[in-house]
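Reading through the structure tokens given below for one structure.
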Amino acid sequence: MEKEKLETLLIDYIDGKLNNTERHDVEQLLVADTEAFKTYEQLKVVIHAMQASAKMEPTARLKRGFEQMLLEEEIALKKGRVVLFQPSFYRVAAAIAFVVLGGAIAYIIARQNQQSKQIKETLMTMLDNQNSASQRVLGATVAYNDIERADDEIVNALVNAMNEDPNTNVRLAALEALGKFRSQPHVRKALVASLTTQKDPVVQIALIRLMVEMKEKDITNELEKISTDEESIQAVKDEAQAGILRLS
Amino acid sequence: MTDEWIMEAVKRGELQQASLLFERYNKRIFNFLARMTMDRELAEDLTQNVFLRIIKYRTSYKEGARFQSWIYQVARNVFSDHYQANKNRFSDFVDVEKVSDYMADNQESEMWDEREKLLHRSMARLGDEQRELLVLTRFQQMKYEEVAQIMNTTVANIKVKVHRAIAKLREHYFELEKT
């Protein structure tokens, strides 16, 4: 029998795909022909080896990478859809952040409910991360969730992020975090000051809403300026107008 | 909840649901890519890419299409895109010497008997197409019908090619065994 024909027949035999008659014929052949038998044995070896081959495990890195990527895609999706600030999203992101942050940080948070040096250090490192915007976002959300009282250093880092970070999502997350500490006077001051310098419309709108919520009447003058400023986009001007009305 | 149902939710924008698909498929896709590339770390990166594409190109998922076929198609594309990008004419075949390093991590290398090592060195000697067919049908135990769908061809065609690949594998295996 021609080589390829024999091999295919033997493979089907090994796979149990032949009917009774065909099986019988093959068995006869194997008994009679030692070469054919050798081929059969060898095919059996490789086929069984493939079947029995161990499954490999990916490392934990794969899952972490996936979760990070998913978070970034969700942020991108929200940003694409809606220009306006949605606080609820960051609560979800914070919840996801707990998963993404990993065991060490979750452990620290679980052990110490009040502000601790370790949390602060982690937070500062994350906010400082040059390479990853999502790390900086997470840094801000850690601030939001786990710090009870923001000391000057944290406030400065967050204000800096809110004013200077090139990534809008980071700025928004920092603003959200600062909002939490609004009762602290130096935070209020920083927020008011930011209003005069903030040029990112998404952040401007969020900031105006926050200040209105805080009933910060001091900003009325600034809002006037913004609502008439040629350089502001319409959405920001509208928000400023609405703010003036609410505060009056 | 079927894979298809979940993917349709992802398509509608419920990206979180993709986590379920990740749970269900990450090991399989990783194993497929690891056996194709013979490089675990690379396989993890490429697996990540597969899921990124699933999410980014979610709108291209056709309603009612078989999800498993789709994700494997994406995986195949990721694999071939990687080698296109890193066009290295000399490595149409994997570097056989490095295979043992790539394949075994510290814990598993003791477990790996001679037979497994021989098997993987033999697999490394096959061309991509043959290796892929064996990985899908024999390592991942996919039916010929499913593989035919993934590769957009007939069952008969797949069967002939798989048999040829097995025959080739046998040749390499027993050649290597002698050395």
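Every chain in the structure tokens takes a letter, A first, then B, and so on in the order presented; its residues are numbered from 1, and the ligands are numbered from 1 following the presented order.
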
Quiz prompt | Test item: residues at most 10 Å from A:Ser183, only C-alpha atoms, excluding those fewer than 4 positions along its chain, as a list in words | solution =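 After dropping sequence-adjacent residues, the list is Arg149, Leu178, Gly179, Val187, Arg188 and Met214 of chain A.
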
Quiz item: Can you tell me, as JSON, numbers by chain, what residues are no more than 12 Å from stretch 19-25 of chain B when counting only C-alpha atoms, ignoring any on the same chain fewer than 2 positions away?
Solution: {"A": [58, 62, 63, 64, 65, 66, 67, 68, 69, 70, 71, 96], "B": [1, 2, 3, 4, 5, 6, 7, 8, 9, 10, 14, 15, 16, 17, 27, 28, 29, 30, 31, 32, 47, 48, 49, 50, 51, 52, 54, 55, 67, 68, 69, 70, 71, 72, 75, 140]}

Selection export as a JSON list (two decimals), in the first residue's frame, atoms kept: C-alpha atoms:
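Now in out.json:
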```
[["chain", "number", "residue", "atom", "x", "y", "z"],
["A", 58, "PRO", "CA", -0.32, 31.43, 32.35],
["A", 62, "LEU", "CA", -1.94, 37.84, 32.39],
["A", 63, "LYS", "CA", -5.02, 38.40, 34.49],
["A", 64, "ARG", "CA", -3.70, 41.62, 35.98],
["A", 65, "GLY", "CA", -2.85, 42.89, 32.53],
["A", 66, "PHE", "CA", -6.31, 42.05, 31.30],
["A", 67, "GLU", "CA", -8.03, 43.84, 34.18],
["A", 68, "GLN", "CA", -5.90, 46.91, 33.68],
["A", 69, "MET", "CA", -6.64, 46.92, 29.99],
["A", 70, "LEU", "CA", -10.37, 46.51, 30.64],
["A", 71, "LEU", "CA", -10.35, 49.48, 32.97],
["A", 96, "ILE", "CA", -12.48, 48.00, 40.03],
["B", 1, "MET", "CA", -25.22, 32.33, 29.62],
["B", 2, "THR", "CA", -23.68, 31.43, 26.32],
["B", 3, "ASP", "CA", -20.47, 32.92, 25.00],
["B", 4, "GLU", "CA", -22.45, 34.47, 22.18],
["B", 5, "TRP", "CA", -24.88, 36.13, 24.56],
["B", 6, "ILE", "CA", -22.03, 37.59, 26.60],
["B", 7, "MET", "CA", -20.24, 38.86, 23.52],
["B", 8, "GLU", "CA", -23.39, 40.58, 22.33],
["B", 9, "ALA", "CA", -23.57, 42.37, 25.67],
["B", 10, "VAL", "CA", -19.96, 43.46, 25.28],
["B", 14, "GLU", "CA", -21.12, 46.39, 28.65],
["B", 15, "LEU", "CA", -17.40, 45.90, 28.58],
["B", 16, "GLN", "CA", -17.28, 44.40, 32.05],
["B", 17, "GLN", "CA", -18.87, 41.25, 30.70],
["B", 27, "LYS", "CA", -6.08, 29.41, 29.32],
["B", 28, "ARG", "CA", -7.03, 27.90, 26.00],
["B", 29, "ILE", "CA", -5.87, 30.88, 23.99],
["B", 30, "PHE", "CA", -2.67, 31.06, 26.03],
["B", 31, "ASN", "CA", -1.94, 27.38, 25.40],
["B", 32, "PHE", "CA", -2.63, 27.77, 21.71],
["B", 47, "THR", "CA", -3.05, 36.56, 24.61],
["B", 48, "GLN", "CA", -3.51, 40.00, 26.10],
["B", 49, "ASN", "CA", -3.66, 41.37, 22.56],
["B", 50, "VAL", "CA", -6.36, 38.90, 21.64],
["B", 51, "PHE", "CA", -8.62, 40.12, 24.41],
["B", 52, "LEU", "CA", -7.83, 43.72, 23.64],
["B", 54, "ILE", "CA", -12.07, 41.34, 21.16],
["B", 55, "ILE", "CA", -13.02, 44.49, 23.02],
["B", 67, "PHE", "CA", -17.84, 33.00, 19.49],
["B", 68, "GLN", "CA", -15.26, 30.26, 19.80],
["B", 69, "SER", "CA", -14.52, 30.39, 16.08],
["B", 70, "TRP", "CA", -14.22, 34.15, 16.23],
["B", 71, "ILE", "CA", -11.82, 34.30, 19.15],
["B", 72, "TYR", "CA", -9.58, 31.68, 17.57],
["B", 75, "ALA", "CA", -5.79, 34.61, 17.97],
["B", 140, "GLN", "CA", -6.88, 21.36, 22.18]]
```

Quiz prompt | Spatial neighbours of B:Glu177, 10 Å, only C-alpha atoms, chain gap at least 2 places, as a VMD selection string | solution = chain B and resid 114 to 115 118 to 119 122 171 to 175 179

Write a file of the selected residues as a CSV table (one decimal), in the first residue's frame, keeping N, CA and C atoms.
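Result went into result.csv, see below:
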```csv
chain,number,residue,atom,x,y,z
B,114,GLU,N,11.2,13.0,29.0
B,114,GLU,CA,11.9,13.0,27.8
B,114,GLU,C,10.9,13.1,26.6
B,115,ARG,N,9.8,12.3,26.8
B,115,ARG,CA,8.8,12.3,25.8
B,115,ARG,C,8.2,13.6,25.4
B,118,LEU,N,10.8,15.7,23.6
B,118,LEU,CA,10.9,15.3,22.2
B,118,LEU,C,9.8,15.8,21.4
B,119,LEU,N,8.6,15.7,22.0
B,119,LEU,CA,7.4,16.1,21.3
B,119,LEU,C,7.5,17.6,20.9
B,122,SER,N,9.9,18.3,18.2
B,122,SER,CA,9.4,17.8,16.9
B,122,SER,C,8.4,18.8,16.4
B,171,GLU,N,7.9,11.5,11.7
B,171,GLU,CA,9.2,11.5,11.1
B,171,GLU,C,10.2,12.3,11.9
B,172,HIS,N,9.8,13.5,12.3
B,172,HIS,CA,10.7,14.4,13.1
B,172,HIS,C,11.0,13.8,14.4
B,173,TYR,N,10.0,13.3,15.0
B,173,TYR,CA,10.1,12.7,16.4
B,173,TYR,C,11.1,11.6,16.5
B,174,PHE,N,10.9,10.6,15.5
B,174,PHE,CA,11.8,9.5,15.6
B,174,PHE,C,13.2,9.8,15.1
B,175,GLU,N,13.3,10.8,14.2
B,175,GLU,CA,14.6,11.2,13.8
B,175,GLU,C,15.4,11.8,15.0
B,179,THR,N,19.0,10.8,18.0
B,179,THR,CA,20.1,11.6,18.3
B,179,THR,C,20.4,11.7,19.8
```

Exercise. Within 10 Å of B:Tyr144, counting only C-alpha atoms, which residues show up once you throw out same-chain ones fewer than 2 positions away? Write them as a PyMOL selection string, please.
Key: chain B and resi 133+136-137+141-142+146-150+154-159+162

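Atom pair atom CA of A:Leu10 / atom CA of B:His120: separated by 22.6 Å.
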
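Among the candidates B:Leu169, B:Ala124, B:Val74, B:Ala65, the residue lying nearest to chain A is B:Leu169 (atoms considered: only C-alpha atoms).
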
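In chain A, the set of residues within 7 Å of chain B (atoms considered: only C-alpha atoms) is A:Glu7, A:Thr8, A:Gln42, A:Leu43, A:Val46, A:Met50, A:Gln51, A:Ser53, A:Lys55, A:Met56, A:Glu57, A:Pro58, A:Leu62, A:Phe66, A:Glu74.
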
Quiz item: Among stretch 118-196 of chain A, which ones does DSSP place in helix (DSSP H, G or I), written as a PyMOL selection string?
Solution: chain A and resi 118-128+133-146+152-164+168-180+185-196

Written file, previous selection with C-alpha atoms, as an mmCIF file, in the first residue's frame:
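Listed below is the output, out-v1.cif:
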```cif
data_model
loop_
_atom_site.group_PDB
_atom_site.id
_atom_site.type_symbol
_atom_site.label_atom_id
_atom_site.label_comp_id
_atom_site.auth_asym_id
_atom_site.auth_seq_id
_atom_site.Cartn_x
_atom_site.Cartn_y
_atom_site.Cartn_z
ATOM 1 C CA GLN A 118 1.940 53.203 53.724
ATOM 2 C CA ILE A 119 -1.218 54.192 51.967
ATOM 3 C CA LYS A 120 0.059 57.686 51.543
ATOM 4 C CA GLU A 121 3.354 56.487 50.133
ATOM 5 C CA THR A 122 1.606 54.241 47.675
ATOM 6 C CA LEU A 123 -0.691 57.055 46.710
ATOM 7 C CA MET A 124 2.146 59.492 46.121
ATOM 8 C CA THR A 125 4.026 56.977 44.042
ATOM 9 C CA MET A 126 1.009 56.290 41.900
ATOM 10 C CA LEU A 127 0.239 59.962 41.341
ATOM 11 C CA ASP A 128 3.817 60.427 40.349
ATOM 12 C CA ALA A 133 -2.281 57.631 33.211
ATOM 13 C CA SER A 134 -4.358 54.808 34.581
ATOM 14 C CA GLN A 135 -1.950 54.444 37.479
ATOM 15 C CA ARG A 136 -2.383 58.126 38.218
ATOM 16 C CA VAL A 137 -6.161 57.750 38.034
ATOM 17 C CA LEU A 138 -5.927 54.885 40.451
ATOM 18 C CA GLY A 139 -3.731 56.965 42.714
ATOM 19 C CA ALA A 140 -6.443 59.591 42.877
ATOM 20 C CA THR A 141 -9.116 57.008 43.564
ATOM 21 C CA VAL A 142 -7.049 55.538 46.378
ATOM 22 C CA ALA A 143 -7.014 59.032 47.835
ATOM 23 C CA TYR A 144 -10.734 59.237 47.471
ATOM 24 C CA ASN A 145 -11.449 55.932 49.136
ATOM 25 C CA ASP A 146 -8.859 55.420 51.745
ATOM 26 C CA ASP A 152 -0.772 69.247 52.744
ATOM 27 C CA GLU A 153 1.439 66.966 50.765
ATOM 28 C CA ILE A 154 -1.450 64.932 49.439
ATOM 29 C CA VAL A 155 -3.504 68.013 48.708
ATOM 30 C CA ASN A 156 -0.662 69.526 46.785
ATOM 31 C CA ALA A 157 -0.133 66.377 44.796
ATOM 32 C CA LEU A 158 -3.819 66.195 43.967
ATOM 33 C CA VAL A 159 -4.070 69.885 43.092
ATOM 34 C CA ASN A 160 -1.046 69.506 40.929
ATOM 35 C CA ALA A 161 -2.606 66.545 39.179
ATOM 36 C CA MET A 162 -5.841 68.467 38.728
ATOM 37 C CA ASN A 163 -4.123 71.456 37.193
ATOM 38 C CA GLU A 164 -1.142 70.058 35.394
ATOM 39 C CA THR A 168 -8.104 64.570 31.445
ATOM 40 C CA ASN A 169 -9.152 61.440 33.297
ATOM 41 C CA VAL A 170 -6.391 61.931 35.812
ATOM 42 C CA ARG A 171 -7.453 65.554 36.316
ATOM 43 C CA LEU A 172 -11.042 64.539 36.869
ATOM 44 C CA ALA A 173 -10.132 61.786 39.295
ATOM 45 C CA ALA A 174 -7.958 64.215 41.253
ATOM 46 C CA LEU A 175 -10.804 66.717 41.359
ATOM 47 C CA GLU A 176 -13.174 64.073 42.624
ATOM 48 C CA ALA A 177 -10.704 63.171 45.355
ATOM 49 C CA LEU A 178 -10.221 66.807 46.341
ATOM 50 C CA GLY A 179 -13.968 67.192 46.493
ATOM 51 C CA LYS A 180 -13.999 64.690 49.276
ATOM 52 C CA PRO A 185 -9.923 75.132 54.206
ATOM 53 C CA HIS A 186 -6.746 74.808 52.218
ATOM 54 C CA VAL A 187 -8.549 72.477 49.838
ATOM 55 C CA ARG A 188 -11.337 74.993 49.279
ATOM 56 C CA LYS A 189 -8.758 77.653 48.560
ATOM 57 C CA ALA A 190 -6.977 75.467 46.081
ATOM 58 C CA LEU A 191 -10.203 74.627 44.300
ATOM 59 C CA VAL A 192 -11.205 78.272 43.997
ATOM 60 C CA ALA A 193 -7.760 79.152 42.721
ATOM 61 C CA SER A 194 -7.911 76.384 40.168
ATOM 62 C CA LEU A 195 -11.044 77.826 38.669
ATOM 63 C CA THR A 196 -9.139 80.859 37.445
#
```

Quiz item: With distances taken over only C-alpha atoms, which of B:Arg66, B:Asp113, B:Tyr57, B:Phe79 is nearest to B:Asp39?
Solution: B:Phe79

Quiz item: Which residue, B:Lys161, B:Gly127, B:Lys11, B:Lys143, has the smallest gap to B:Thr59 when you use only C-alpha atoms?
Solution: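 Closest residue, counting only C-alpha atoms: B:Lys11.
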
Practice problem: One decimal, Å: what's the distance from atom CA of B:Asp81 over to atom CA of A:Glu73, could you say? | Solution: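 Taking atom CA of B:Asp81 and atom CA of A:Glu73, their separation equals 21.8 Å.
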
Practice problem: Go ahead and compute the interatomic distance for atom CA of A:Glu41 and atom CA of B:Glu129, in Å to one decimal. | Solution: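 One can read the atom CA of A:Glu41 to atom CA of B:Glu129 distance as 25.2 Å.
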